[in-house]
$ cat work_18.txt   # compact mmCIF, C-alpha atoms and all ligand atoms
# COMPACT_ATOMS: atom_id res chain seq x y z
CA MET E 1 6.78 -10.85 6.11
CA SER E 2 8.40 -9.92 9.38
CA ASN E 3 8.89 -6.46 10.85
CA ILE E 4 12.00 -4.71 12.10
CA SER E 5 12.09 -4.08 15.83
CA ALA E 6 14.86 -1.46 15.74
CA CYS E 7 15.65 1.61 13.64
CA ARG E 8 17.51 0.94 10.37
CA ALA E 9 19.93 3.79 11.10
CA CYS E 10 20.52 3.97 14.87
CA SER E 11 19.16 0.66 16.24
CA SER E 12 16.86 2.41 18.72
CA SER E 13 13.68 0.47 19.43
CA ASN E 14 11.80 3.71 20.06
CA LEU E 15 9.82 3.69 16.81
CA ARG E 16 6.45 5.40 16.76
CA VAL E 17 3.77 4.49 14.19
CA VAL E 18 2.71 7.58 12.22
CA TRP E 19 0.60 5.94 9.48
CA ASP E 20 -0.70 2.45 8.86
CA LEU E 21 -1.31 2.43 5.11
CA GLU E 22 -3.54 0.06 3.13
CA LYS E 23 -2.10 -3.32 2.22
CA SER E 24 -0.65 -3.59 -1.27
CA PRO E 25 1.38 -6.00 -3.40
CA TYR E 26 4.91 -4.86 -4.26
CA GLY E 27 4.20 -1.95 -6.58
CA ASP E 28 6.41 -2.82 -9.52
CA LEU E 29 5.44 -6.46 -10.04
CA PHE E 30 3.49 -6.00 -13.29
CA GLN E 31 3.03 -9.54 -14.66
CA GLN E 32 2.75 -11.08 -18.11
CA ASP E 33 -0.08 -13.37 -16.92
CA LYS E 34 -3.22 -11.95 -15.36
CA SER E 35 -3.53 -14.95 -13.03
CA LYS E 36 0.00 -14.39 -11.71
CA ALA E 37 -0.79 -10.70 -11.13
CA THR E 38 -3.94 -11.46 -9.12
CA ALA E 39 -2.20 -14.22 -7.13
CA LEU E 40 0.44 -11.85 -5.71
CA PRO E 41 0.35 -11.45 -1.93
CA TYR E 42 -0.70 -8.19 -0.29
CA HIS E 43 1.70 -6.81 2.31
CA GLU E 44 1.18 -4.40 5.16
CA MET E 45 2.89 -1.03 5.10
CA THR E 46 3.43 0.84 8.36
CA LEU E 47 5.24 4.17 8.46
CA THR E 48 7.12 4.94 11.66
CA LEU E 49 9.26 7.74 13.06
CA CYS E 50 12.39 6.96 15.08
CA CYS E 51 12.25 9.07 18.23
CA ASN E 52 16.03 8.87 18.58
CA CYS E 53 17.49 9.78 15.17
CA SER E 54 14.28 11.00 13.43
CA LEU E 55 14.53 8.55 10.52
CA VAL E 56 11.12 7.80 8.99
CA GLN E 57 10.86 4.21 7.82
CA ILE E 58 8.43 1.43 7.08
CA VAL E 59 8.73 -1.42 9.56
CA GLN E 60 8.11 -4.24 7.09
CA GLU E 61 11.12 -6.23 5.95
CA THR E 62 10.52 -6.69 2.27
CA ASP E 63 11.73 -9.58 0.19
CA LEU E 64 14.56 -7.98 -1.78
CA GLU E 65 15.03 -10.85 -4.23
CA GLU E 66 11.35 -10.86 -5.11
CA GLN E 67 11.36 -7.10 -5.63
CA TYR E 68 14.55 -6.53 -7.55
CA ASP E 69 15.45 -9.59 -9.60
CA GLN E 70 12.74 -8.78 -12.10
CA TYR E 71 12.62 -5.05 -11.32
CA LEU E 72 11.11 -3.25 -14.31
CA TYR E 73 12.05 0.29 -13.43
CA ASN E 74 14.69 1.83 -15.67
CA SER E 75 16.14 5.30 -15.11
CA THR E 76 15.68 6.17 -18.77
CA THR E 77 11.88 5.84 -18.39
CA THR E 78 11.67 8.51 -15.67
CA ASN E 79 10.81 11.95 -17.03
CA GLY E 80 13.82 14.20 -17.29
CA LEU E 81 16.13 12.08 -15.13
CA GLY E 82 18.75 11.71 -17.89
CA LYS E 83 19.14 15.46 -18.31
CA PHE E 84 19.29 16.00 -14.56
CA TYR E 85 22.07 13.40 -14.29
CA THR E 86 24.01 15.05 -17.13
CA GLN E 87 23.89 18.40 -15.31
CA THR E 88 24.77 16.77 -11.98
CA VAL E 89 27.80 15.05 -13.51
CA SER E 90 29.12 18.32 -15.01
CA ARG E 91 28.77 20.04 -11.65
CA LEU E 92 30.47 17.23 -9.73
CA ILE E 93 33.40 17.22 -12.19
CA SER E 94 33.98 20.95 -11.79
CA ASP E 95 33.23 21.24 -8.03
CA PHE E 96 35.57 18.42 -7.09
CA SER E 97 38.11 18.72 -9.94
CA LEU E 98 37.52 15.10 -11.00
CA GLU E 99 40.06 13.82 -13.52
CA LYS E 100 39.87 11.19 -16.20
CA ASP E 101 41.94 8.55 -14.44
CA ASP E 102 39.69 8.82 -11.35
CA LEU E 103 37.35 5.93 -10.73
CA ILE E 104 33.64 6.82 -10.48
CA LEU E 105 31.56 4.22 -8.65
CA ASP E 106 27.77 4.19 -8.84
CA ILE E 107 25.96 1.95 -6.35
CA GLY E 108 22.54 0.89 -7.63
CA SER E 109 23.59 2.00 -11.09
CA ASN E 110 20.38 0.82 -12.81
CA ASP E 111 20.71 0.95 -16.61
CA GLY E 112 23.86 3.12 -16.50
CA THR E 113 22.02 6.41 -17.14
CA PHE E 114 24.17 8.26 -14.58
CA LEU E 115 27.54 6.64 -15.35
CA ILE E 116 27.26 6.95 -19.12
CA ASN E 117 27.82 10.70 -18.69
CA PHE E 118 31.19 10.02 -17.05
CA LYS E 119 32.04 7.28 -19.52
CA ASN E 120 31.38 9.60 -22.47
CA LYS E 121 33.85 12.07 -20.96
CA GLY E 122 36.53 9.39 -20.70
CA PHE E 123 36.33 8.57 -16.98
CA GLN E 124 36.82 5.10 -15.52
CA VAL E 125 33.43 3.92 -14.33
CA LEU E 126 32.04 1.00 -12.35
CA GLY E 127 28.37 0.36 -11.65
CA ILE E 128 26.92 -2.07 -9.14
CA GLU E 129 23.39 -3.21 -9.91
CA PRO E 130 21.37 -6.17 -8.59
CA ALA E 131 18.51 -6.12 -11.14
CA GLU E 132 19.22 -8.49 -14.01
CA MET E 133 17.57 -6.52 -16.82
CA SER E 134 18.99 -3.13 -15.79
CA SER E 135 22.55 -4.41 -15.44
CA ARG E 136 22.29 -6.12 -18.83
CA ILE E 137 21.10 -2.88 -20.48
CA ALA E 138 23.97 -0.98 -18.80
CA LYS E 139 26.53 -3.49 -20.12
CA GLU E 140 25.02 -3.26 -23.62
CA ARG E 141 25.55 0.52 -23.41
CA GLY E 142 29.21 -0.13 -22.60
CA VAL E 143 28.96 0.85 -18.91
CA ASN E 144 31.22 -1.41 -16.84
CA THR E 145 28.75 -3.03 -14.39
CA LEU E 146 28.97 -5.61 -11.64
CA HIS E 147 25.67 -7.55 -11.50
CA SER E 148 25.42 -7.77 -7.71
CA TYR E 149 24.14 -6.21 -4.53
CA PHE E 150 26.56 -3.84 -2.83
CA ASP E 151 27.89 -6.07 -0.04
CA SER E 152 31.17 -7.19 1.51
CA ASN E 153 31.92 -9.29 -1.61
CA SER E 154 31.62 -6.32 -3.94
CA VAL E 155 33.76 -4.25 -1.54
CA THR E 156 36.44 -6.96 -1.68
CA GLU E 157 36.15 -7.00 -5.48
CA ILE E 158 36.69 -3.21 -5.59
CA LEU E 159 39.59 -3.26 -3.12
CA THR E 160 41.27 -6.13 -5.02
CA ASN E 161 40.73 -5.17 -8.65
CA HIS E 162 40.22 -1.41 -8.67
CA LYS E 163 41.61 1.73 -7.11
CA LEU E 164 39.61 3.64 -4.51
CA PRO E 165 36.85 5.64 -6.19
CA LYS E 166 37.19 9.43 -6.10
CA LEU E 167 33.43 9.77 -6.37
CA ILE E 168 30.84 7.32 -5.08
CA SER E 169 27.29 8.05 -6.15
CA ILE E 170 24.13 6.53 -4.74
CA ASN E 171 21.17 7.75 -6.77
CA TYR E 172 17.65 6.84 -5.64
CA THR E 173 18.94 3.70 -3.95
CA LEU E 174 19.67 4.50 -0.30
CA ALA E 175 15.96 4.52 0.58
CA ASN E 176 15.75 0.91 -0.66
CA VAL E 177 18.55 -0.42 1.56
CA PRO E 178 17.43 -2.63 4.49
CA ASP E 179 20.31 -1.77 6.85
CA VAL E 180 21.49 1.75 6.03
CA HIS E 181 24.03 1.80 8.84
CA ALA E 182 25.79 -1.39 7.70
CA PHE E 183 25.56 -0.24 4.07
CA LEU E 184 27.25 3.14 4.67
CA LYS E 185 29.84 1.43 6.87
CA LEU E 186 30.80 -0.63 3.80
CA VAL E 187 30.91 2.53 1.69
CA TYR E 188 33.29 4.03 4.27
CA GLU E 189 35.71 1.15 3.64
CA ILE E 190 36.23 2.25 0.05
CA MET E 191 36.69 5.96 0.86
CA ASP E 192 39.81 7.97 1.66
CA ASP E 193 40.09 11.63 2.68
CA ASN E 194 39.70 12.75 -0.94
CA SER E 195 36.62 10.68 -1.68
CA ILE E 196 33.25 12.30 -2.15
CA LEU E 197 30.03 10.46 -1.54
CA SER E 198 27.07 11.91 -3.42
CA ILE E 199 23.61 10.70 -2.40
CA ILE E 200 20.50 11.65 -4.34
CA THR E 201 17.28 10.52 -2.73
CA GLY E 202 13.61 11.43 -2.56
CA TYR E 203 13.06 14.19 0.00
CA HIS E 204 9.82 13.47 1.81
CA PRO E 205 9.49 16.85 3.58
CA ASP E 206 8.95 18.41 0.13
CA GLN E 207 6.99 15.46 -1.29
CA PHE E 208 4.61 15.29 1.65
CA LEU E 209 3.93 19.05 1.51
CA VAL E 210 2.28 18.46 -1.90
CA ASN E 211 0.48 15.32 -0.61
CA MET E 212 2.76 12.98 -2.55
CA PHE E 213 2.18 10.07 -0.20
CA ASP E 214 2.49 7.51 -3.02
CA TYR E 215 6.29 7.69 -2.86
CA ILE E 216 5.74 5.52 0.23
CA GLY E 217 6.08 1.93 -0.93
CA HIS E 218 7.74 -1.35 -0.08
CA ASP E 219 10.69 -0.36 -2.28
CA HIS E 220 11.38 2.71 -0.12
CA LEU E 221 12.21 1.49 3.34
CA SER E 222 13.66 4.79 4.63
CA TYR E 223 12.59 8.43 4.20
CA PHE E 224 15.53 10.70 4.92
CA THR E 225 15.75 14.20 6.27
CA ILE E 226 19.06 16.06 6.46
CA GLU E 227 18.75 15.70 10.23
CA SER E 228 18.51 11.90 10.05
CA ILE E 229 21.31 11.66 7.47
CA GLU E 230 23.53 13.83 9.63
CA PHE E 231 22.84 11.68 12.68
CA LEU E 232 23.76 8.60 10.65
CA CYS E 233 26.93 10.20 9.25
CA ASN E 234 28.10 11.28 12.71
CA SER E 235 27.88 7.69 13.91
CA LEU E 236 30.08 6.57 10.99
CA ASN E 237 32.79 9.27 11.08
CA LEU E 238 31.33 10.82 7.96
CA ARG E 239 30.42 14.48 7.51
CA VAL E 240 27.67 16.17 5.49
CA LEU E 241 29.39 18.89 3.41
CA ASP E 242 26.65 20.31 1.25
CA VAL E 243 22.98 19.75 0.45
CA SER E 244 20.72 20.97 -2.33
CA ARG E 245 17.06 20.44 -3.11
CA VAL E 246 16.05 19.33 -6.60
CA GLU E 247 12.61 19.10 -8.18
CA HIS E 248 12.70 15.49 -9.36
CA LYS E 249 10.10 12.98 -8.10
CA GLY E 250 8.09 15.72 -6.41
CA GLY E 251 11.11 16.72 -4.33
CA SER E 252 14.55 15.21 -4.00
CA VAL E 253 17.78 16.16 -2.33
CA GLN E 254 21.45 15.78 -3.17
CA ILE E 255 23.72 15.30 -0.17
CA LEU E 256 27.52 15.50 -0.47
CA ILE E 257 29.50 13.68 2.18
CA SER E 258 33.17 13.14 3.02
CA LYS E 259 35.07 11.39 5.76
CA ASN E 260 35.28 13.67 8.79
CA THR E 261 39.07 13.57 8.52
CA SER E 262 38.81 15.31 5.12
CA MET E 263 39.94 18.95 4.81
CA ARG E 264 36.83 19.93 2.85
CA GLU E 265 34.63 22.69 4.25
CA VAL E 266 31.03 22.32 5.37
CA GLN E 267 28.78 24.66 3.37
CA PRO E 268 26.10 26.95 4.94
CA SER E 269 23.41 24.98 3.03
CA VAL E 270 23.60 22.25 5.69
CA SER E 271 22.53 24.41 8.63
CA GLN E 272 20.00 26.23 6.42
CA MET E 273 18.30 22.95 5.51
CA LEU E 274 18.33 21.80 9.13
CA GLN E 275 16.68 25.08 10.11
CA ARG E 276 14.02 24.60 7.43
CA GLU E 277 13.29 21.06 8.66
CA SER E 278 12.86 22.41 12.14
CA TRP E 279 10.37 25.03 10.85
CA LEU E 280 8.46 22.30 9.00
CA GLY E 281 8.43 20.09 12.09
CA THR E 282 9.68 16.98 10.30
CA ARG E 283 10.65 15.26 13.53
CA SER E 284 7.19 15.67 15.00
CA GLU E 285 4.43 13.08 14.53
CA ASP E 286 2.08 15.94 13.62
CA PHE E 287 3.87 16.46 10.30
CA TYR E 288 2.85 12.92 9.24
CA SER E 289 -0.63 12.87 10.75
CA ALA E 290 -1.37 16.12 8.87
CA LEU E 291 -0.38 14.39 5.62
CA ARG E 292 -2.55 11.39 6.45
CA PHE E 293 -5.48 13.67 7.20
CA ARG E 294 -5.12 15.56 3.88
CA VAL E 295 -4.83 12.33 1.88
CA GLU E 296 -7.83 10.75 3.66
CA ASN E 297 -9.79 13.88 2.85
CA SER E 298 -8.91 13.53 -0.84
CA ILE E 299 -9.85 9.84 -0.75
CA SER E 300 -13.35 10.63 0.48
CA GLN E 301 -13.76 13.44 -2.06
CA VAL E 302 -12.72 11.10 -4.89
CA ALA E 303 -15.17 8.47 -3.59
CA GLN E 304 -17.97 11.08 -3.63
CA ILE E 305 -17.15 12.10 -7.21
CA LEU E 306 -17.13 8.45 -8.36
CA GLU E 307 -20.47 7.96 -6.63
CA SER E 308 -22.15 10.97 -8.22
CA GLU E 309 -20.75 10.74 -11.79
CA ASP E 310 -22.43 8.58 -14.41
CA PHE E 311 -19.98 6.27 -16.26
CA ASN E 312 -19.52 2.67 -17.40
CA THR E 313 -15.75 2.42 -17.36
CA LEU E 314 -13.13 3.97 -15.12
CA ASN E 315 -9.75 4.19 -16.84
CA GLY E 316 -6.48 4.98 -15.08
CA VAL E 317 -3.59 6.93 -16.56
CA GLY E 318 -0.21 5.69 -15.33
CA ALA E 319 1.24 2.23 -14.63
CA SER E 320 4.12 2.44 -12.19
CA ILE E 321 5.18 1.57 -8.68
CA SER E 322 3.49 4.65 -7.26
CA THR E 323 0.22 4.10 -9.18
CA THR E 324 -0.06 0.65 -7.56
CA TYR E 325 0.22 2.16 -4.09
CA PHE E 326 -2.02 5.05 -5.04
CA SER E 327 -4.81 2.77 -6.36
CA ASN E 328 -4.74 0.55 -3.29
CA GLN E 329 -4.72 3.43 -0.83
CA PHE E 330 -7.60 5.13 -2.67
CA GLY E 331 -9.52 1.84 -2.81
CA ILE E 332 -9.99 2.03 -6.59
CA ALA E 333 -7.56 -0.68 -7.79
CA GLN E 334 -10.38 -3.18 -8.41
CA LYS E 335 -12.61 -0.59 -10.13
CA LEU E 336 -10.25 0.27 -12.99
CA SER E 337 -11.08 -1.17 -16.42
CA GLY E 338 -7.66 -0.47 -17.87
CA LEU E 339 -4.37 1.31 -17.23
CA TYR E 340 -2.83 3.55 -19.91
CA ASP E 341 0.86 4.38 -20.09
CA ASP E 342 3.62 4.77 -22.68
CA ASP E 343 6.18 2.68 -20.75
CA ARG E 344 6.93 -0.19 -23.14
CA ASN E 345 8.00 -2.38 -20.21
CA LYS E 346 4.48 -2.21 -18.82
CA ILE E 347 2.23 -2.35 -21.91
CA GLY E 348 0.55 -5.75 -22.25
CA ARG E 349 1.28 -6.59 -18.62
CA PHE E 350 -1.15 -6.80 -15.70
CA ALA E 351 -1.05 -4.67 -12.55
CA PRO E 352 0.01 -6.44 -9.35
CA GLY E 353 -2.98 -7.44 -7.22
CA SER E 354 -5.84 -6.15 -9.36
CA GLY E 355 -4.65 -7.74 -12.62
CA THR E 356 -5.74 -4.65 -14.60
CA GLU E 357 -4.21 -4.69 -18.09
CA VAL E 358 -1.85 -1.94 -19.28
CA PHE E 359 -2.48 -0.36 -22.72
CA PRO E 360 -0.66 2.40 -24.64
CA LEU E 361 -1.74 5.93 -23.67
CA GLY E 362 -2.91 6.53 -27.26
CA ALA E 363 -5.57 3.81 -26.77
CA LEU E 364 -7.28 5.62 -23.87
CA PRO E 365 -11.04 5.54 -24.63
CA SER E 366 -12.85 8.86 -25.02
CA GLY E 367 -16.57 9.39 -24.71
CA GLU E 368 -19.49 10.12 -22.45
CA LYS E 369 -19.57 6.78 -20.68
CA CYS E 370 -15.89 6.88 -19.67
CA LEU E 371 -14.29 8.51 -16.69
CA THR E 372 -10.51 8.89 -16.66
CA ILE E 373 -8.48 9.23 -13.48
CA ILE E 374 -4.89 10.46 -13.54
CA LEU E 375 -3.15 7.96 -11.25
CA ALA E 376 0.27 9.43 -12.09
CA TRP E 377 -1.00 12.78 -10.83
CA GLN E 378 2.57 14.04 -10.23
CA HIS E 379 2.78 14.39 -14.03
CA THR E 380 -0.71 15.88 -14.55
CA GLU E 381 0.41 18.86 -16.66
CA LYS E 382 2.42 16.72 -19.04
CA LEU E 383 -0.26 14.01 -19.24
CA LEU E 384 -3.07 16.47 -19.95
CA SER E 385 -1.15 17.94 -22.86
CA ARG E 386 -0.49 14.39 -24.16
CA LEU E 387 -4.22 13.65 -23.96
CA ARG E 388 -5.03 16.86 -25.85
CA GLU E 389 -2.46 15.95 -28.53
CA ASN E 390 -4.19 12.57 -28.84
CA ARG E 391 -7.51 14.42 -29.31
CA PHE E 392 -8.91 12.80 -26.21
CA ALA E 393 -12.25 14.22 -25.12
CA GLY E 394 -13.99 13.45 -21.86
CA ARG E 395 -14.03 13.82 -18.10
CA VAL E 396 -10.70 13.64 -16.30
CA LEU E 397 -10.39 13.32 -12.54
CA ILE E 398 -7.18 14.62 -11.00
CA PRO E 399 -7.11 13.15 -7.48
CA LEU E 400 -4.25 15.05 -5.83
CA PRO E 401 -2.96 17.39 -4.40
CA THR E 402 -6.71 18.12 -4.11
CA PRO E 403 -9.35 16.41 -6.27
CA VAL E 404 -10.49 18.26 -9.43
CA LEU E 405 -12.85 17.03 -12.16
CA LEU E 406 -12.12 18.48 -15.62
CA GLU E 407 -13.86 18.24 -18.97
CA ILE E 408 -11.32 18.29 -21.79
ZN ZN J 1 16.88 5.86 14.57
$ encode --input "work_18.txt" --output "structure tokens"
Amino acid sequence: MSNISACRACSSSNLRVVWDLEKSPYGDLFQQDKSKATALPYHEMTLTLCCNCSLVQIVQETDLEEQYDQYLYNSTTTNGLGKFYTQTVSRLISDFSLEKDDLILDIGSNDGTFLINFKNKGFQVLGIEPAEMSSRIAKERGVNTLHSYFDSNSVTEILTNHKLPKLISINYTLANVPDVHAFLKLVYEIMDDNSILSIITGYHPDQFLVNMFDYIGHDHLSYFTIESIEFLCNSLNLRVLDVSRVEHKGGSVQILISKNTSMREVQPSVSQMLQRESWLGTRSEDFYSALRFRVENSISQVAQILESEDFNTLNGVGASISTTYFSNQFGIAQKLSGLYDDDRNKIGRFAPGSGTEVFPLGALPSGEKCLTIILAWQHTEKLLSRLRENRFAGRVLIPLPTPVLLEI
């Protein structure tokens, strides 16, 4: 795998390494055969900060085809995302007076979870989705979907066979795009002065404050701040109109953008968020080295607990992209006897790299000789109540934000 030599947003070569993470296979490649899972290559993961535009990014160029053609992630499996999208859609319709003959375009539309809200209200919708399974599910749900990457061909297809979209949404996709500048330049081609671009993406300043480092993965190439998005927009004749923080995925942000020739007003939220980022120091290397220090501290505490506790099997709760990166960073991937999760797409499969099998959460073994670690620690509260419902009894290690060992 090769590395980029220039920033994905501004092309500056002034990239500074802020964290060299442990090698890991692509996090979502859970396999049907154990031997295929253990044969997957491990890739480096180096987080850098662009000294010019402040975009945080990993320098590795990941193999998109390998990651997305068999991508197992579906929006409907993420806790609460459907409801959040329903609320977002209602707000967008009223804030921008969207009407039923307007075209709504969703780039990286996954299984149609976002667009179905518009479709149910009678809007014209078009999704663009490269993953085979997700686009098939979307079509089965009746969501008009182009099975493709968003590229110059899909832009031509839109310009030839559709009208210009009034709303373009990019939900949890922009971070995965290799060349964000070229990508948004293509988006610009299908916008007019009335078009609204709505981007929802993970917001690392909030995620990193709660030690959620495991959002860093080969699927997320860029980690945006409002400052870096604004820098990017300025270079493309786009303007950030409004921003709002949302709680999903440990911290996300919705950014509303128009062409800078649009008459729409910029809201005070933009300068407020920029001020907050400046208080947090998100364009300083110290912000990232402090995260690395806190995570490394938790890793050694978890290692000490594993050393001092008496157990025969270590079971992990959670089987997802982030649990793969978590287990490799914490050095426990090879120590896990089994993974337990309710995601039907993962049960019966084997984790990338370690080859650990995934079982239903209800099958999690109880007892004195078992130790359970919550790999999906972002959902600890929900998972603990699920374990109690299942009458699970035993020791549970919660590794982050700071390690805690519970007896439940
Ligand atoms: Zn840059």
$ closest_residue --input "work_18.txt" --among "E:Thr88, E:Asn52, E:Asn390, E:Ser109" --to "ligand ZN 1 (chain J)" --atoms "all atoms listed in the file"
E:Asn52
$ residues_near_ligand --input "work_18.txt" --ligand "ligand ZN 1 (chain J)" --cutoff "12 Å" --atoms "all atoms listed in the file" --output "MDAnalysis selection string"
chainID E and resid 4:16 48:57 179:181 222:225 227:232 235 283
$ closest_residue --input "work_18.txt" --among "E:Thr380, E:Thr145, E:Asn237, E:Ser320" --to "E:Leu184" --atoms "only C-alpha atoms"
E:Asn237
$ closest_residue --input "work_18.txt" --among "E:Leu221, E:Ile137, E:Leu115, E:Leu167" --to "E:Met45" --atoms "only C-alpha atoms"
E:Leu221
$ residues_around --input "work_18.txt" --residues "E:Ala303" --least-positions-apart "3" --cutoff "9 Å" --atoms "all atoms listed in the file" --output "list in words"
Ser298, Ile299, Ser300, Leu306, Glu307, Ser308, Phe330, Gly331 and Ile332 of chain E
$ closest_residue --input "work_18.txt" --among "E:Lys36, E:Lys23, E:Lys163, E:His147" --to "E:Thr356" --atoms "all atoms listed in the file"
E:Lys36
$ atom_distance --input "work_18.txt" --atom1 "atom CA of E:Val317" --atom2 "atom CA of E:Ala376"
6.4 Å
$ residues_near_point --input "work_18.txt" --point "(1.8, -12.9, -4.4)" --cutoff "12 Å" --atoms "all atoms listed in the file" --output "PyMOL selection string"
chain E and resi 1+24-27+29-31+35-43+63+66-67+351-355
$ write_last_selection --input "work_18.txt" --atoms "C-alpha atoms" --output "mmCIF file, in the coordinates of the input"
data_model
loop_
_atom_site.group_PDB
_atom_site.id
_atom_site.type_symbol
_atom_site.label_atom_id
_atom_site.label_comp_id
_atom_site.auth_asym_id
_atom_site.auth_seq_id
_atom_site.Cartn_x
_atom_site.Cartn_y
_atom_site.Cartn_z
ATOM 1 C CA MET E 1 6.780 -10.850 6.110
ATOM 2 C CA SER E 24 -0.650 -3.590 -1.270
ATOM 3 C CA PRO E 25 1.380 -6.000 -3.400
ATOM 4 C CA TYR E 26 4.910 -4.860 -4.260
ATOM 5 C CA GLY E 27 4.200 -1.950 -6.580
ATOM 6 C CA LEU E 29 5.440 -6.460 -10.040
ATOM 7 C CA PHE E 30 3.490 -6.000 -13.290
ATOM 8 C CA GLN E 31 3.030 -9.540 -14.660
ATOM 9 C CA SER E 35 -3.530 -14.950 -13.030
ATOM 10 C CA LYS E 36 0.000 -14.390 -11.710
ATOM 11 C CA ALA E 37 -0.790 -10.700 -11.130
ATOM 12 C CA THR E 38 -3.940 -11.460 -9.120
ATOM 13 C CA ALA E 39 -2.200 -14.220 -7.130
ATOM 14 C CA LEU E 40 0.440 -11.850 -5.710
ATOM 15 C CA PRO E 41 0.350 -11.450 -1.930
ATOM 16 C CA TYR E 42 -0.700 -8.190 -0.290
ATOM 17 C CA HIS E 43 1.700 -6.810 2.310
ATOM 18 C CA ASP E 63 11.730 -9.580 0.190
ATOM 19 C CA GLU E 66 11.350 -10.860 -5.110
ATOM 20 C CA GLN E 67 11.360 -7.100 -5.630
ATOM 21 C CA ALA E 351 -1.050 -4.670 -12.550
ATOM 22 C CA PRO E 352 0.010 -6.440 -9.350
ATOM 23 C CA GLY E 353 -2.980 -7.440 -7.220
ATOM 24 C CA SER E 354 -5.840 -6.150 -9.360
ATOM 25 C CA GLY E 355 -4.650 -7.740 -12.620
#
$ closest_residue --input "work_18.txt" --among "E:Tyr172, E:Ser2, E:Asp33, E:Thr156" --to "E:Leu81" --atoms "only C-alpha atoms"
E:Tyr172
